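final38.cif follows; it contains mmCIF, N, CA and C atoms.
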data_coords
#
loop_
_atom_site.label_atom_id
_atom_site.label_comp_id
_atom_site.auth_asym_id
_atom_site.auth_seq_id
_atom_site.Cartn_x
_atom_site.Cartn_y
_atom_site.Cartn_z
N MET A 1 -5.22 -27.32 0.43
CA MET A 1 -5.38 -27.53 -1.00
C MET A 1 -5.08 -28.98 -1.35
N PRO A 2 -5.86 -29.54 -2.23
CA PRO A 2 -5.60 -30.93 -2.61
C PRO A 2 -4.37 -31.03 -3.50
N ALA A 3 -3.64 -32.08 -3.32
CA ALA A 3 -2.45 -32.31 -4.16
C ALA A 3 -2.90 -32.81 -5.52
N SER A 4 -2.17 -32.45 -6.54
CA SER A 4 -2.50 -32.86 -7.91
C SER A 4 -1.41 -33.80 -8.42
N ARG A 5 -1.79 -34.75 -9.26
CA ARG A 5 -0.81 -35.67 -9.85
C ARG A 5 -0.22 -35.10 -11.14
N LYS A 6 -0.79 -34.00 -11.65
CA LYS A 6 -0.24 -33.40 -12.87
C LYS A 6 1.05 -32.68 -12.54
N SER A 7 2.02 -32.77 -13.43
CA SER A 7 3.28 -32.07 -13.19
C SER A 7 3.12 -30.59 -13.53
N GLY A 8 3.97 -29.78 -12.94
CA GLY A 8 3.93 -28.36 -13.21
C GLY A 8 2.96 -27.58 -12.36
N LYS A 9 2.33 -28.21 -11.40
CA LYS A 9 1.39 -27.52 -10.52
C LYS A 9 2.14 -26.87 -9.37
N VAL A 10 1.68 -25.69 -8.97
CA VAL A 10 2.25 -25.01 -7.81
C VAL A 10 1.12 -24.71 -6.84
N PHE A 11 1.27 -25.14 -5.61
CA PHE A 11 0.30 -24.88 -4.57
C PHE A 11 0.94 -23.99 -3.51
N TYR A 12 0.16 -23.07 -2.96
CA TYR A 12 0.67 -22.16 -1.95
C TYR A 12 0.02 -22.46 -0.61
N THR A 13 0.84 -22.46 0.43
CA THR A 13 0.32 -22.55 1.79
C THR A 13 0.89 -21.39 2.58
N LEU A 14 0.06 -20.77 3.41
CA LEU A 14 0.53 -19.66 4.23
C LEU A 14 1.05 -20.19 5.54
N ARG A 15 2.09 -19.54 6.07
CA ARG A 15 2.61 -19.91 7.37
C ARG A 15 2.88 -18.63 8.14
N PRO A 16 2.84 -18.70 9.46
CA PRO A 16 3.13 -17.50 10.24
C PRO A 16 4.57 -17.05 10.06
N SER A 17 4.78 -15.74 10.18
CA SER A 17 6.15 -15.23 10.03
C SER A 17 6.99 -15.66 11.22
N ARG A 18 8.22 -16.02 10.92
CA ARG A 18 9.16 -16.43 11.98
C ARG A 18 10.50 -15.77 11.72
N GLU A 19 11.13 -15.37 12.80
CA GLU A 19 12.45 -14.74 12.71
C GLU A 19 13.46 -15.70 12.08
N GLY A 20 14.21 -15.21 11.12
CA GLY A 20 15.28 -15.99 10.53
C GLY A 20 14.89 -16.91 9.38
N LEU A 21 13.61 -17.05 9.08
CA LEU A 21 13.19 -17.89 7.96
C LEU A 21 13.04 -17.03 6.70
N PRO A 22 13.30 -17.59 5.52
CA PRO A 22 13.10 -16.83 4.29
C PRO A 22 11.61 -16.56 4.07
N PRO A 23 11.25 -15.55 3.25
CA PRO A 23 9.83 -15.23 3.03
C PRO A 23 9.03 -16.38 2.43
N PHE A 24 9.68 -17.22 1.63
CA PHE A 24 8.99 -18.42 1.14
C PHE A 24 10.00 -19.53 0.92
N SER A 25 9.50 -20.75 0.92
CA SER A 25 10.34 -21.91 0.64
C SER A 25 9.54 -22.88 -0.21
N ASP A 26 10.23 -23.62 -1.05
CA ASP A 26 9.58 -24.57 -1.96
C ASP A 26 9.86 -26.00 -1.53
N ILE A 27 8.84 -26.84 -1.65
CA ILE A 27 8.99 -28.28 -1.47
C ILE A 27 8.63 -28.90 -2.81
N ARG A 28 9.55 -29.60 -3.43
CA ARG A 28 9.29 -30.21 -4.74
C ARG A 28 9.00 -31.70 -4.55
N LEU A 29 7.86 -32.13 -5.06
CA LEU A 29 7.47 -33.53 -4.98
C LEU A 29 8.00 -34.28 -6.20
N ALA A 30 8.04 -35.60 -6.11
CA ALA A 30 8.60 -36.43 -7.18
C ALA A 30 7.85 -36.26 -8.50
N ASP A 31 6.54 -35.97 -8.46
CA ASP A 31 5.76 -35.84 -9.69
C ASP A 31 5.85 -34.45 -10.32
N GLY A 32 6.71 -33.58 -9.75
CA GLY A 32 6.89 -32.25 -10.31
C GLY A 32 6.06 -31.17 -9.64
N THR A 33 5.17 -31.55 -8.75
CA THR A 33 4.36 -30.58 -8.03
C THR A 33 5.23 -29.80 -7.05
N ILE A 34 4.98 -28.51 -6.98
CA ILE A 34 5.72 -27.65 -6.05
C ILE A 34 4.75 -27.13 -5.00
N ILE A 35 5.11 -27.27 -3.74
CA ILE A 35 4.34 -26.68 -2.66
C ILE A 35 5.17 -25.53 -2.11
N ARG A 36 4.65 -24.33 -2.25
CA ARG A 36 5.38 -23.14 -1.81
C ARG A 36 4.77 -22.65 -0.49
N ARG A 37 5.61 -22.59 0.52
CA ARG A 37 5.18 -22.10 1.83
C ARG A 37 5.54 -20.62 1.90
N VAL A 38 4.52 -19.77 2.03
CA VAL A 38 4.71 -18.33 1.96
C VAL A 38 4.44 -17.71 3.33
N ASP A 39 5.31 -16.77 3.71
CA ASP A 39 5.14 -16.02 4.94
C ASP A 39 3.83 -15.22 4.85
N GLU A 40 2.97 -15.35 5.85
CA GLU A 40 1.64 -14.74 5.82
C GLU A 40 1.71 -13.21 5.72
N THR A 41 2.64 -12.57 6.42
CA THR A 41 2.73 -11.11 6.37
C THR A 41 3.16 -10.63 4.98
N VAL A 42 4.08 -11.36 4.34
CA VAL A 42 4.51 -11.00 2.99
C VAL A 42 3.34 -11.16 2.02
N HIS A 43 2.57 -12.24 2.18
CA HIS A 43 1.40 -12.50 1.33
C HIS A 43 0.38 -11.37 1.46
N LYS A 44 0.07 -10.97 2.69
CA LYS A 44 -0.91 -9.91 2.90
C LYS A 44 -0.44 -8.58 2.33
N ARG A 45 0.86 -8.29 2.48
CA ARG A 45 1.41 -7.05 1.93
C ARG A 45 1.31 -7.05 0.41
N ALA A 46 1.60 -8.20 -0.21
CA ALA A 46 1.52 -8.30 -1.67
C ALA A 46 0.09 -8.10 -2.15
N LEU A 47 -0.88 -8.68 -1.45
CA LEU A 47 -2.29 -8.50 -1.82
C LEU A 47 -2.70 -7.04 -1.69
N SER A 48 -2.25 -6.40 -0.63
CA SER A 48 -2.56 -4.99 -0.41
C SER A 48 -1.98 -4.12 -1.52
N ASN A 49 -0.72 -4.37 -1.88
CA ASN A 49 -0.09 -3.61 -2.96
C ASN A 49 -0.79 -3.82 -4.29
N ALA A 50 -1.20 -5.05 -4.56
CA ALA A 50 -1.91 -5.35 -5.81
C ALA A 50 -3.26 -4.64 -5.84
N ALA A 51 -3.96 -4.61 -4.71
CA ALA A 51 -5.25 -3.93 -4.65
C ALA A 51 -5.08 -2.43 -4.87
N LYS A 52 -4.03 -1.83 -4.29
CA LYS A 52 -3.77 -0.40 -4.49
C LYS A 52 -3.49 -0.10 -5.95
N ALA A 53 -2.65 -0.93 -6.59
CA ALA A 53 -2.31 -0.71 -7.99
C ALA A 53 -3.54 -0.83 -8.88
N LEU A 54 -4.38 -1.81 -8.61
CA LEU A 54 -5.60 -1.98 -9.40
C LEU A 54 -6.53 -0.80 -9.22
N LYS A 55 -6.70 -0.34 -7.99
CA LYS A 55 -7.56 0.81 -7.71
C LYS A 55 -7.05 2.05 -8.43
N GLU A 56 -5.74 2.26 -8.43
CA GLU A 56 -5.16 3.41 -9.13
C GLU A 56 -5.44 3.34 -10.63
N ARG A 57 -5.33 2.16 -11.20
CA ARG A 57 -5.60 2.01 -12.64
C ARG A 57 -7.06 2.27 -12.95
N LEU A 58 -7.96 1.79 -12.09
CA LEU A 58 -9.38 1.96 -12.34
C LEU A 58 -9.83 3.41 -12.14
N ASP A 59 -9.12 4.15 -11.28
CA ASP A 59 -9.47 5.53 -11.01
C ASP A 59 -9.03 6.49 -12.11
N ARG A 60 -8.18 6.06 -13.02
CA ARG A 60 -7.68 6.95 -14.10
C ARG A 60 -8.76 7.26 -15.09
#
Encoding of this model in structure tokens:
Amino acid sequence: MPASRKSGKVFYTLRPSREGLPPFSDIRLADGTIIRRVDETVHKRALSNAAKALKERLDR
């Protein structure tokens, strides 16, 4: 993802899961941009849960 010079931007990057690391970590740049490194397995699980919830709502 390209970095932005506007403050308040949050960018996400996926990383492989590793033992002992937190599910995500933030890197804050001087201009206020936040780069959030997210564990790939946590990201995929969250997408799956969101898809299930949406499907349940649409099926009602």
key: Residues matched by the PyMOL selection byres ((chain A and resi 17) around 6), written as an MDAnalysis selection string   = chainID A and resid 15:16 18:19 39:41
message = Taking only segment 4-59 of chain A into account, list the residues labelled strand (DSSP E) by DSSP (computed from the backbone), as a ChimeraX atom specification.
response = /A:10-15,24-28,34-39
Could you take the residues named above and write them with N, CA and C atoms, as a JSON list (two decimals), in the frame of the given file?
[["chain", "number", "residue", "atom", "x", "y", "z"],
["A", 10, "VAL", "N", 1.68, -25.69, -8.97],
["A", 10, "VAL", "CA", 2.25, -25.01, -7.81],
["A", 10, "VAL", "C", 1.12, -24.71, -6.84],
["A", 11, "PHE", "N", 1.27, -25.14, -5.61],
["A", 11, "PHE", "CA", 0.30, -24.88, -4.57],
["A", 11, "PHE", "C", 0.94, -23.99, -3.51],
["A", 12, "TYR", "N", 0.16, -23.07, -2.96],
["A", 12, "TYR", "CA", 0.67, -22.16, -1.95],
["A", 12, "TYR", "C", 0.02, -22.46, -0.61],
["A", 13, "THR", "N", 0.84, -22.46, 0.43],
["A", 13, "THR", "CA", 0.32, -22.55, 1.79],
["A", 13, "THR", "C", 0.89, -21.39, 2.58],
["A", 14, "LEU", "N", 0.06, -20.77, 3.41],
["A", 14, "LEU", "CA", 0.53, -19.66, 4.23],
["A", 14, "LEU", "C", 1.05, -20.19, 5.54],
["A", 15, "ARG", "N", 2.09, -19.54, 6.07],
["A", 15, "ARG", "CA", 2.61, -19.91, 7.37],
["A", 15, "ARG", "C", 2.88, -18.63, 8.14],
["A", 24, "PHE", "N", 9.68, -17.22, 1.63],
["A", 24, "PHE", "CA", 8.99, -18.42, 1.14],
["A", 24, "PHE", "C", 10.00, -19.53, 0.92],
["A", 25, "SER", "N", 9.50, -20.75, 0.92],
["A", 25, "SER", "CA", 10.34, -21.91, 0.64],
["A", 25, "SER", "C", 9.54, -22.88, -0.21],
["A", 26, "ASP", "N", 10.23, -23.62, -1.05],
["A", 26, "ASP", "CA", 9.58, -24.57, -1.96],
["A", 26, "ASP", "C", 9.86, -26.00, -1.53],
["A", 27, "ILE", "N", 8.84, -26.84, -1.65],
["A", 27, "ILE", "CA", 8.99, -28.28, -1.47],
["A", 27, "ILE", "C", 8.63, -28.90, -2.81],
["A", 28, "ARG", "N", 9.55, -29.60, -3.43],
["A", 28, "ARG", "CA", 9.29, -30.21, -4.74],
["A", 28, "ARG", "C", 9.00, -31.70, -4.55],
["A", 34, "ILE", "N", 4.98, -28.51, -6.98],
["A", 34, "ILE", "CA", 5.72, -27.65, -6.05],
["A", 34, "ILE", "C", 4.75, -27.13, -5.00],
["A", 35, "ILE", "N", 5.11, -27.27, -3.74],
["A", 35, "ILE", "CA", 4.34, -26.68, -2.66],
["A", 35, "ILE", "C", 5.17, -25.53, -2.11],
["A", 36, "ARG", "N", 4.65, -24.33, -2.25],
["A", 36, "ARG", "CA", 5.38, -23.14, -1.81],
["A", 36, "ARG", "C", 4.77, -22.65, -0.49],
["A", 37, "ARG", "N", 5.61, -22.59, 0.52],
["A", 37, "ARG", "CA", 5.18, -22.10, 1.83],
["A", 37, "ARG", "C", 5.54, -20.62, 1.90],
["A", 38, "VAL", "N", 4.52, -19.77, 2.03],
["A", 38, "VAL", "CA", 4.71, -18.33, 1.96],
["A", 38, "VAL", "C", 4.44, -17.71, 3.33],
["A", 39, "ASP", "N", 5.31, -16.77, 3.71],
["A", 39, "ASP", "CA", 5.14, -16.02, 4.94],
["A", 39, "ASP", "C", 3.83, -15.22, 4.85]]
request  = Enter the distance from atom CA of Pro22 of chain A to atom CA of Arg36 of chain A, in Å, rounded to one decimal.
outcome  = 11.7 Å
message = Between atom CA of Pro23 of chain A and atom CA of Arg37 of chain A, what distance in Å does the model show, to one decimal?
response =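 So the answer is 8.4 Å.
Minimum atom-to-atom distances from A:Ala51, A:Arg57, A:His43, A:Val38 to Leu14 of chain A were compared using all atoms listed in the file, and the lowest value belongs to A:Val38.
Note that atom CA of Val42 of chain A and atom C of Ile27 of chain A are 19.3 Å apart.
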task = Excluding Ile34 of chain A and any residue of its chain fewer than 3 positions from it, enumerate the residues within 10 Å of it, using only C-alpha atoms, and give them as JSON, numbers by chain.
result = {"A": [3, 4, 7, 8, 9, 10, 11, 12, 25, 26, 27, 28, 29, 30, 31, 37]}
DSSP-assigned alpha helix (DSSP H) among segment 5-53 of chain A, expressed as a list in words =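 Of segment 5-53 of chain A, the ones in alpha helix (DSSP H) are Glu40, Thr41, Val42, His43, Lys44, Arg45, Ala46, Leu47, Ser48, Asn49, Ala50, Ala51, Lys52 and Ala53 of chain A.
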